[in-house]
Structure formats: structure tokens, C-alpha cells
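Source file: data_27.cif. Holds: mmCIF, C-alpha atoms.
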data_final
loop_
_atom_site.label_atom_id
_atom_site.label_comp_id
_atom_site.auth_asym_id
_atom_site.auth_seq_id
_atom_site.Cartn_x
_atom_site.Cartn_y
_atom_site.Cartn_z
CA MET A 26 14.05 -51.17 6.67
CA ALA A 27 12.61 -54.24 8.35
CA CYS A 28 14.87 -57.08 9.39
CA PRO A 29 14.67 -60.16 7.12
CA SER A 30 14.30 -62.42 10.12
CA LEU A 31 11.09 -60.68 11.15
CA LEU A 32 9.32 -61.01 7.76
CA PRO A 33 8.34 -64.69 8.06
CA ALA A 34 6.95 -64.16 11.53
CA ALA A 35 4.90 -61.19 10.38
CA SER A 36 3.56 -63.06 7.39
CA ALA A 37 2.73 -66.02 9.57
CA SER A 38 0.88 -63.88 12.08
CA SER A 39 -1.05 -62.09 9.35
CA SER A 40 -2.00 -65.34 7.71
CA SER A 41 -3.08 -66.86 11.00
CA SER A 42 -5.26 -63.84 11.82
CA PHE A 43 -6.78 -63.95 8.32
CA HIS A 44 -7.66 -67.61 8.62
CA GLY A 45 -9.06 -66.97 12.05
CA GLN A 46 -11.52 -64.46 10.59
CA LEU A 47 -12.68 -66.98 8.03
CA LEU A 48 -13.30 -69.58 10.70
CA ARG A 49 -15.49 -67.21 12.68
CA LEU A 50 -17.87 -66.61 9.76
CA ALA A 51 -21.42 -67.91 10.11
CA PRO A 52 -22.12 -71.15 8.24
CA PRO A 53 -24.16 -70.82 5.03
CA PRO A 54 -27.90 -71.50 5.30
CA PRO A 55 -29.10 -74.93 4.25
CA PRO A 56 -30.32 -75.22 0.66
CA VAL A 57 -34.02 -74.77 0.02
CA VAL A 58 -34.31 -77.58 -2.50
CA ARG A 59 -35.45 -80.79 -0.88
CA ALA A 60 -36.40 -84.16 -2.22
CA GLY A 61 -40.10 -84.16 -2.91
CA ARG A 62 -42.42 -87.07 -3.17
CA ARG A 63 -42.88 -88.83 -6.43
CA SER A 64 -46.33 -88.50 -7.94
CA ALA A 65 -48.28 -91.27 -9.61
CA ASN A 66 -47.05 -90.35 -13.11
CA GLY A 67 -43.41 -90.43 -12.02
CA GLY A 68 -42.85 -86.66 -11.90
CA MET A 69 -41.79 -84.56 -8.97
CA SER A 70 -44.71 -83.13 -7.04
CA VAL A 71 -44.97 -79.44 -6.22
CA ARG A 72 -44.03 -78.46 -2.66
CA ALA A 73 -44.00 -75.15 -0.83
CA SER A 74 -41.13 -74.39 1.54
CA GLY A 75 -41.72 -71.03 3.19
CA ALA A 76 -41.89 -68.32 0.52
CA VAL A 77 -40.31 -70.51 -2.19
CA VAL A 78 -42.45 -72.79 -4.35
CA LEU A 79 -40.73 -75.84 -5.77
CA VAL A 80 -41.93 -77.02 -9.17
CA GLU A 81 -41.01 -79.88 -11.44
CA LYS A 82 -37.47 -79.52 -12.72
CA SER A 83 -38.26 -80.51 -16.30
CA ALA A 84 -41.06 -77.93 -16.51
CA ALA A 85 -38.94 -75.20 -14.93
CA GLU A 86 -36.11 -75.69 -17.44
CA LYS A 87 -38.38 -75.10 -20.44
CA THR A 88 -38.36 -71.44 -21.44
CA GLN A 89 -41.38 -71.77 -23.77
CA ARG A 90 -43.44 -74.45 -22.07
CA LEU A 91 -46.74 -73.39 -23.66
CA LYS A 92 -45.22 -73.54 -27.15
CA ALA A 93 -43.64 -76.91 -26.39
CA ALA A 94 -46.95 -78.24 -25.08
CA TYR A 95 -48.71 -77.05 -28.25
CA LEU A 96 -46.24 -78.72 -30.58
CA GLU A 97 -45.91 -81.96 -28.62
CA LYS A 98 -49.41 -82.58 -27.23
CA ILE A 99 -52.05 -80.23 -28.61
CA VAL A 100 -51.29 -80.64 -32.32
CA PRO A 101 -51.73 -84.47 -32.31
CA LEU A 102 -54.93 -84.19 -30.28
CA LEU A 103 -56.50 -81.65 -32.62
CA LYS A 104 -55.46 -83.61 -35.69
CA ASP A 105 -57.14 -86.77 -34.40
CA GLU A 106 -60.22 -85.00 -33.04
CA PHE A 107 -61.10 -82.99 -36.18
CA SER A 108 -59.63 -85.53 -38.69
CA TYR A 109 -57.30 -83.12 -40.46
CA ALA A 110 -55.67 -84.56 -43.57
CA ASN A 111 -52.61 -82.33 -43.27
CA ILE A 112 -50.83 -81.14 -40.18
CA GLN A 113 -50.81 -77.62 -41.62
CA GLN A 114 -54.61 -77.54 -41.19
CA VAL A 115 -54.31 -77.69 -37.41
CA PRO A 116 -55.30 -74.27 -36.05
CA LYS A 117 -52.68 -72.19 -34.28
CA ILE A 118 -52.44 -68.78 -32.68
CA GLU A 119 -51.27 -66.25 -35.23
CA LYS A 120 -50.94 -63.12 -33.09
CA VAL A 121 -52.14 -61.45 -29.90
CA VAL A 122 -53.07 -57.76 -29.86
CA VAL A 123 -53.15 -55.96 -26.50
CA ASN A 124 -54.54 -52.43 -26.40
CA CYS A 125 -55.30 -49.97 -23.63
CA GLY A 126 -57.29 -46.75 -23.94
CA ILE A 127 -56.11 -43.67 -22.05
CA GLY A 128 -58.83 -41.06 -21.85
CA GLU A 129 -56.73 -38.40 -20.10
CA ALA A 130 -53.73 -38.80 -22.44
CA ALA A 131 -54.31 -35.38 -24.01
CA GLN A 132 -54.18 -33.53 -20.69
CA ASN A 133 -51.62 -35.76 -18.92
CA ALA A 134 -48.56 -36.78 -20.92
CA LYS A 135 -46.98 -38.47 -17.89
CA GLY A 136 -49.97 -40.77 -17.58
CA LEU A 137 -49.43 -41.96 -21.14
CA ASP A 138 -45.73 -42.62 -20.49
CA ALA A 139 -46.57 -44.53 -17.31
CA ALA A 140 -49.13 -46.64 -19.17
CA MET A 141 -46.57 -47.43 -21.87
CA ASN A 142 -44.02 -48.52 -19.28
CA ASP A 143 -46.56 -50.77 -17.57
CA MET A 144 -47.60 -52.31 -20.88
CA ALA A 145 -43.96 -52.93 -21.79
CA LEU A 146 -43.41 -54.72 -18.47
CA ILE A 147 -46.50 -56.89 -18.95
CA THR A 148 -46.04 -57.88 -22.58
CA GLY A 149 -42.25 -57.70 -22.92
CA GLN A 150 -42.51 -55.45 -25.98
CA ARG A 151 -42.64 -51.69 -26.40
CA PRO A 152 -46.17 -50.53 -27.38
CA ILE A 153 -47.07 -47.85 -29.89
CA LYS A 154 -49.38 -44.87 -29.49
CA THR A 155 -52.78 -44.96 -31.17
CA ARG A 156 -53.95 -41.59 -32.45
CA ALA A 157 -57.33 -40.17 -33.40
CA ARG A 158 -58.16 -40.31 -37.11
CA VAL A 159 -60.76 -37.55 -37.12
CA SER A 160 -61.58 -34.58 -34.91
CA LEU A 161 -64.63 -34.74 -32.62
CA ALA A 162 -65.60 -31.49 -30.95
CA GLN A 163 -68.12 -33.06 -28.56
CA PHE A 164 -65.40 -35.27 -27.07
CA LYS A 165 -62.67 -32.62 -27.30
CA ILE A 166 -60.60 -34.81 -29.60
CA ARG A 167 -58.35 -33.49 -32.35
CA GLU A 168 -56.98 -35.36 -35.32
CA GLY A 169 -53.63 -36.99 -34.54
CA GLN A 170 -54.08 -36.75 -30.78
CA PRO A 171 -52.80 -39.83 -28.84
CA LEU A 172 -55.65 -41.67 -27.16
CA GLY A 173 -54.22 -45.06 -26.23
CA ILE A 174 -51.52 -47.66 -26.71
CA ALA A 175 -51.40 -51.01 -28.48
CA VAL A 176 -48.92 -53.81 -28.96
CA THR A 177 -48.93 -56.81 -31.34
CA LEU A 178 -47.23 -59.97 -30.10
CA ARG A 179 -45.97 -62.84 -32.24
CA GLY A 180 -43.64 -65.78 -31.81
CA ASN A 181 -42.05 -66.62 -28.48
CA VAL A 182 -43.11 -63.34 -26.88
CA MET A 183 -46.73 -64.17 -27.68
CA TYR A 184 -46.54 -67.63 -26.07
CA SER A 185 -44.81 -66.19 -23.01
CA PHE A 186 -47.54 -63.58 -22.55
CA LEU A 187 -50.32 -66.16 -22.96
CA ASP A 188 -48.65 -68.44 -20.42
CA ARG A 189 -48.57 -65.67 -17.81
CA LEU A 190 -52.09 -64.55 -18.71
CA ILE A 191 -53.59 -68.03 -18.27
CA ASN A 192 -51.60 -69.19 -15.25
CA LEU A 193 -51.12 -65.90 -13.38
CA GLY A 194 -53.47 -63.20 -14.65
CA PHE A 195 -56.84 -64.96 -14.59
CA PRO A 196 -56.32 -66.83 -11.27
CA ARG A 197 -55.40 -63.55 -9.54
CA THR A 198 -58.50 -61.75 -10.81
CA ARG A 199 -60.98 -60.94 -8.08
CA ASP A 200 -64.27 -62.87 -8.22
CA PHE A 201 -63.18 -64.71 -11.35
CA GLN A 202 -65.77 -67.27 -12.50
CA GLY A 203 -64.42 -68.23 -15.90
CA LEU A 204 -64.35 -66.70 -19.36
CA ASN A 205 -67.39 -66.33 -21.57
CA PRO A 206 -67.18 -68.87 -24.42
CA ASN A 207 -69.51 -66.72 -26.55
CA SER A 208 -66.94 -63.96 -27.10
CA PHE A 209 -65.74 -65.35 -30.43
CA ASP A 210 -66.31 -63.25 -33.55
CA GLY A 211 -67.41 -66.11 -35.83
CA TYR A 212 -64.01 -66.41 -37.55
CA GLY A 213 -62.03 -68.14 -34.82
CA ASN A 214 -60.82 -65.02 -32.99
CA TYR A 215 -61.36 -64.45 -29.27
CA SER A 216 -61.43 -61.20 -27.28
CA VAL A 217 -61.32 -60.74 -23.52
CA GLY A 218 -61.12 -57.67 -21.31
CA ILE A 219 -59.15 -57.26 -18.09
CA GLN A 220 -60.33 -54.62 -15.65
CA ASP A 221 -57.11 -54.21 -13.69
CA GLN A 222 -53.53 -54.67 -14.88
CA SER A 223 -52.29 -55.28 -11.34
CA VAL A 224 -53.13 -58.98 -11.68
CA PHE A 225 -49.76 -59.38 -13.41
CA PRO A 226 -46.83 -59.75 -11.00
CA GLU A 227 -44.69 -57.34 -13.05
CA ILE A 228 -46.79 -54.40 -11.86
CA ARG A 229 -46.00 -53.33 -8.32
CA PHE A 230 -49.10 -52.70 -6.24
CA ASP A 231 -47.57 -49.73 -4.40
CA ALA A 232 -46.60 -48.01 -7.67
CA ILE A 233 -50.09 -48.10 -9.20
CA GLY A 234 -51.62 -44.69 -9.75
CA LYS A 235 -54.95 -44.96 -11.48
CA PRO A 236 -56.08 -48.55 -12.16
CA ARG A 237 -56.13 -49.33 -15.87
CA GLY A 238 -57.65 -52.14 -17.85
CA MET A 239 -56.77 -53.61 -21.20
CA ASP A 240 -58.24 -55.67 -24.03
CA VAL A 241 -56.64 -58.86 -25.34
CA CYS A 242 -57.54 -60.03 -28.86
CA ILE A 243 -56.32 -63.52 -29.78
CA THR A 244 -56.20 -64.18 -33.53
CA THR A 245 -56.12 -67.82 -34.63
CA THR A 246 -56.05 -69.60 -37.98
CA ALA A 247 -59.15 -71.65 -37.13
CA THR A 248 -62.06 -71.45 -39.56
CA THR A 249 -64.78 -72.03 -36.96
CA ASP A 250 -65.33 -70.91 -33.38
CA GLN A 251 -65.56 -74.52 -32.20
CA GLU A 252 -62.04 -75.30 -33.38
CA ALA A 253 -60.68 -72.08 -31.87
CA GLN A 254 -62.37 -72.74 -28.53
CA ARG A 255 -60.99 -76.28 -28.43
CA LEU A 256 -57.50 -74.95 -29.19
CA LEU A 257 -57.62 -72.38 -26.40
CA ALA A 258 -59.18 -74.84 -23.96
CA LEU A 259 -56.34 -77.32 -24.51
CA MET A 260 -53.87 -74.50 -23.84
CA GLY A 261 -55.51 -73.96 -20.47
CA MET A 262 -57.91 -71.08 -21.13
CA PRO A 263 -60.46 -71.22 -18.27
CA PHE A 264 -63.79 -71.08 -20.09
CA ARG A 265 -67.02 -70.97 -18.14
CA GLU A 266 -69.04 -74.17 -18.18
CA GLY A 267 -72.55 -74.16 -19.57
CA GLY A 268 -72.08 -71.36 -22.12
CA GLY A 269 -72.63 -67.69 -21.61
CA SER A 270 -74.85 -66.16 -18.99
CA ALA A 271 -78.50 -66.02 -20.02
CA ALA A 272 -80.00 -62.58 -20.33
CA LEU A 273 -82.47 -62.07 -17.52
CA PRO A 274 -85.65 -60.09 -18.25
CA ARG A 275 -85.51 -56.59 -16.85
CA LYS A 276 -88.02 -55.74 -14.18
CA LYS A 277 -90.27 -52.79 -14.66
CA LYS A 278 -89.12 -49.85 -12.60
CA LEU A 279 -91.72 -48.77 -10.08
CA ARG A 280 -92.38 -45.07 -9.81
CA LYS A 281 -93.57 -42.97 -6.93
CA HIS A 282 -97.26 -43.05 -7.81
CA HIS A 283 -97.25 -46.85 -7.56
CA PHE A 284 -96.67 -46.56 -3.83
CA ASP A 285 -99.06 -43.66 -3.28
CA SER A 286 -102.36 -44.87 -1.80
CA LYS A 287 -104.17 -41.72 -2.89
CA SER A 288 -103.19 -42.16 -6.49
CA LYS A 289 -104.35 -45.79 -6.37
CA GLY A 290 -107.72 -44.68 -5.03
CA ARG A 291 -108.07 -42.05 -7.71
CA SER A 292 -107.20 -44.52 -10.42
CA ARG A 293 -109.90 -46.93 -9.18
CA ARG A 294 -112.49 -44.17 -9.31
#

Please render this file's structure as C-alpha cells.
Amino acid sequence: MACPSLLPAASASSSSSFHGQLLRLAPPPPPVVRAGRRSANGGMSVRASGAVVLVEKSAAEKTQRLKAAYLEKIVPLLKDEFSYANIQQVPKIEKVVVNCGIGEAAQNAKGLDAAMNDMALITGQRPIKTRARVSLAQFKIREGQPLGIAVTLRGNVMYSFLDRLINLGFPRTRDFQGLNPNSFDGYGNYSVGIQDQSVFPEIRFDAIGKPRGMDVCITTTATTDQEAQRLLALMGMPFREGGGSAALPRKKKLRKHHFDSKSKGRSRR
């Protein structure tokens, strides 16, 4: 049994060695947040410090900033611009439908599961499988066979997806020159196609197998395409200026006999 007189000395030595280890630890790194310059409107300007981007604190604290901007800013603007008598007449986004067709789903079940996982990461909601209604022998399709996936977004999940689509998806698209404003269906609904899902940061570039695209259908309560386009433009949808691209006349394809001198001579005779 240890002597009682030795216990305080042992405890003191152990405590001194413990504190000595704490003192030898490296000091913590300096915080990344720094005081930015004030902009003209009084808000904090955006600054980049290494790999971290500093944004305005008030905007970063809002979980649904697109929904808040719609209720606080867009609704009064639309009411004054189109002279609505009631605030309930102001158009709003009712739902967003995202679908993706998988051609090889019948032969590759793992490809369908991978597409569903990617869609769930992008939209934040589990998609459903879309199945064939009729059998088509020429396309090797049977009735009830899964051919794609689809998801319908409403509420806060819908606004969150639109925020990431407008501010992250479209700017990261290669050779992006704006959206076609003529893609409305005449009833206030807009459809847009995305060729590659890797524009969303949720999809890892090294984990992509076969590149997949998807279609986004935005359903609004607007009665005309003009009102729907104004609503989406105020939300930040990057429409192309000057309308849709004009259809250029197709040139006549030249065949081999047009370049043959002998055939030209025979035709002149």
C-alpha cells in the first residue's frame, strides 16, 4: 500500500505533467470570418478568403430565402405592375415536376437505383418509378416495365430546389447563354431541360457513371405566359434577351454530281 505522505507529491507531479502537455499544444488557427467592407446599400459585401466564401449574414441565416423574397418583394411588385385587385390573384409557383428517363432500366436494375439516389440528392425527396402503360414490341417495352423516375416538389422543398437550380445549376452549365423564353405552354407553365445532372454540387464528379439529364416542369397559377415569365424573371430565372433563336433556313445539301465536271458538261448538252 502506498504511503499517505507520497500521494500529494504524486498527484502534484501528475497534474504538473498534464498541464505541461496542454501548454505544448499548437495554438488554434485564426478565425476565417473577417470584417468586410460596407456596400452602398449598407449590407456586408461578399469576400473570398481562400476556399471559403463569405456572404451577407442576414441572407445566410434565412433557410428559405427565395420564398422570403417572393413574399416580401415579388408579390408587391407584381400586384402593382399588373394592377391586381386582390392579393390572391398574384401568380405563384404551384409545383415543380422533375423527371428523368432511363432507357436501360429494363436491362440494368442498378442503373435505375443509382439514378434514384442521384435524384433524391438533387431534389431532397425520394422519386417514384414511372412504368410503361402499354407494350411496344418495336422498342422492346412491356407493360408495367420501369422506364424512368419522377418527383413532384411542393412547399419549402420546391423553393429550395429552385434556389439551387437558379443560383448553382444554370451558372455551372457549360456554354450557358440563357433560357429560351418561348418554352411556355400557353397556360403559364414553363419547361426546361438539363443535359447533365453534375451541375448540382450534390453529385460527386468522380462517382458519375453515365451522364444523365433531366426535365424540369414549373407549374404556376398565372393565366398568361407574360405573367408567368415576369414571375420567374423576378425570382432570378436567367432568360435569354431578345426572345428565342430564329430558325435559320436550311441549306440545300450538295451531292456528288454537283462537283463532277463531266456531269455538268453532260447536263449543258

#### Entry: Residue nearest Ile219 of chain A - candidates A:Gly261, A:Gly194, A:Gly238, A:Pro206, atoms counted: only C-alpha atoms
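Of A:Gly261, A:Gly194, A:Gly238, A:Pro206, the one nearest Ile219 of chain A is A:Gly238, counting only C-alpha atoms.
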
### Query
Hey, what comes out of the PyMOL selection byres ((chain A and resi 91-94) around 9) on this file? Could you write it as a ChimeraX atom specification?
/A:87-90,95-100,181,184-185,187-188,260

### Query
Do you have the atom CA of Phe195 of chain A-atom CA of Pro101 of chain A distance handy?
26.8 Å

## Note on the structure
Expressed in Å, the length from atom CA of Ile118 of chain A to atom CA of Cys242 of chain A is 10.8 Å

### Message
If I take atom CA of Leu256 of chain A and atom CA of Pro196 of chain A, how far is one from the other in Å, to one decimal?
### Response
19.7 Å

### Query
Looking at all atoms listed in the file, which of A:Thr244, A:Gln251, A:Thr177, A:Gln202 is the one that sits closest to Ser216 of chain A?
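Closest residue, counting all atoms listed in the file: A:Thr244.
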
### Message
Show me, as a VMD selection string, the residues that have an atom within 7 Å of segment 161-176 of chain A when counting only C-alpha atoms, minus same-chain residues fewer than 5 positions from it.
### Response
chain A and resid 122 to 128 130 to 131 141 152 to 156

Neighbour list for Asp250 of chain A as a CSV table (one decimal) with C-alpha atoms, in the frame of the given file, cut-off 9 Å, all atoms listed in the file, skip fewer than 4 positions in-chain:
chain,number,residue,atom,x,y,z
A,209,PHE,CA,-65.7,-65.4,-30.4
A,210,ASP,CA,-66.3,-63.2,-33.6
A,211,GLY,CA,-67.4,-66.1,-35.8
A,212,TYR,CA,-64.0,-66.4,-37.6
A,213,GLY,CA,-62.0,-68.1,-34.8
A,214,ASN,CA,-60.8,-65.0,-33.0
A,215,TYR,CA,-61.4,-64.4,-29.3
A,254,GLN,CA,-62.4,-72.7,-28.5
A,255,ARG,CA,-61.0,-76.3,-28.4

### Task
Can you pull out every residue within 8 Å of Lys117 of chain A, counting all atoms listed in the file, but drop anything in the same chain fewer than 4 positions away, and send it as a ChimeraX atom specification?
/A:245-247,256

### Message
Please expand the PyMOL selection byres ((chain A and resi 228) around 12) into the concrete residues it hits in this file, giving the result as a VMD selection string.
### Response
chain A and resid 139 to 140 142 to 148 194 221 to 227 229 to 234 236 to 237

### Message
Which residue is closest to Asn205 of chain A? Choose from A:Met262, A:Val241, A:Val115, A:Val121 and count all atoms listed in the file.
### Response
A:Met262
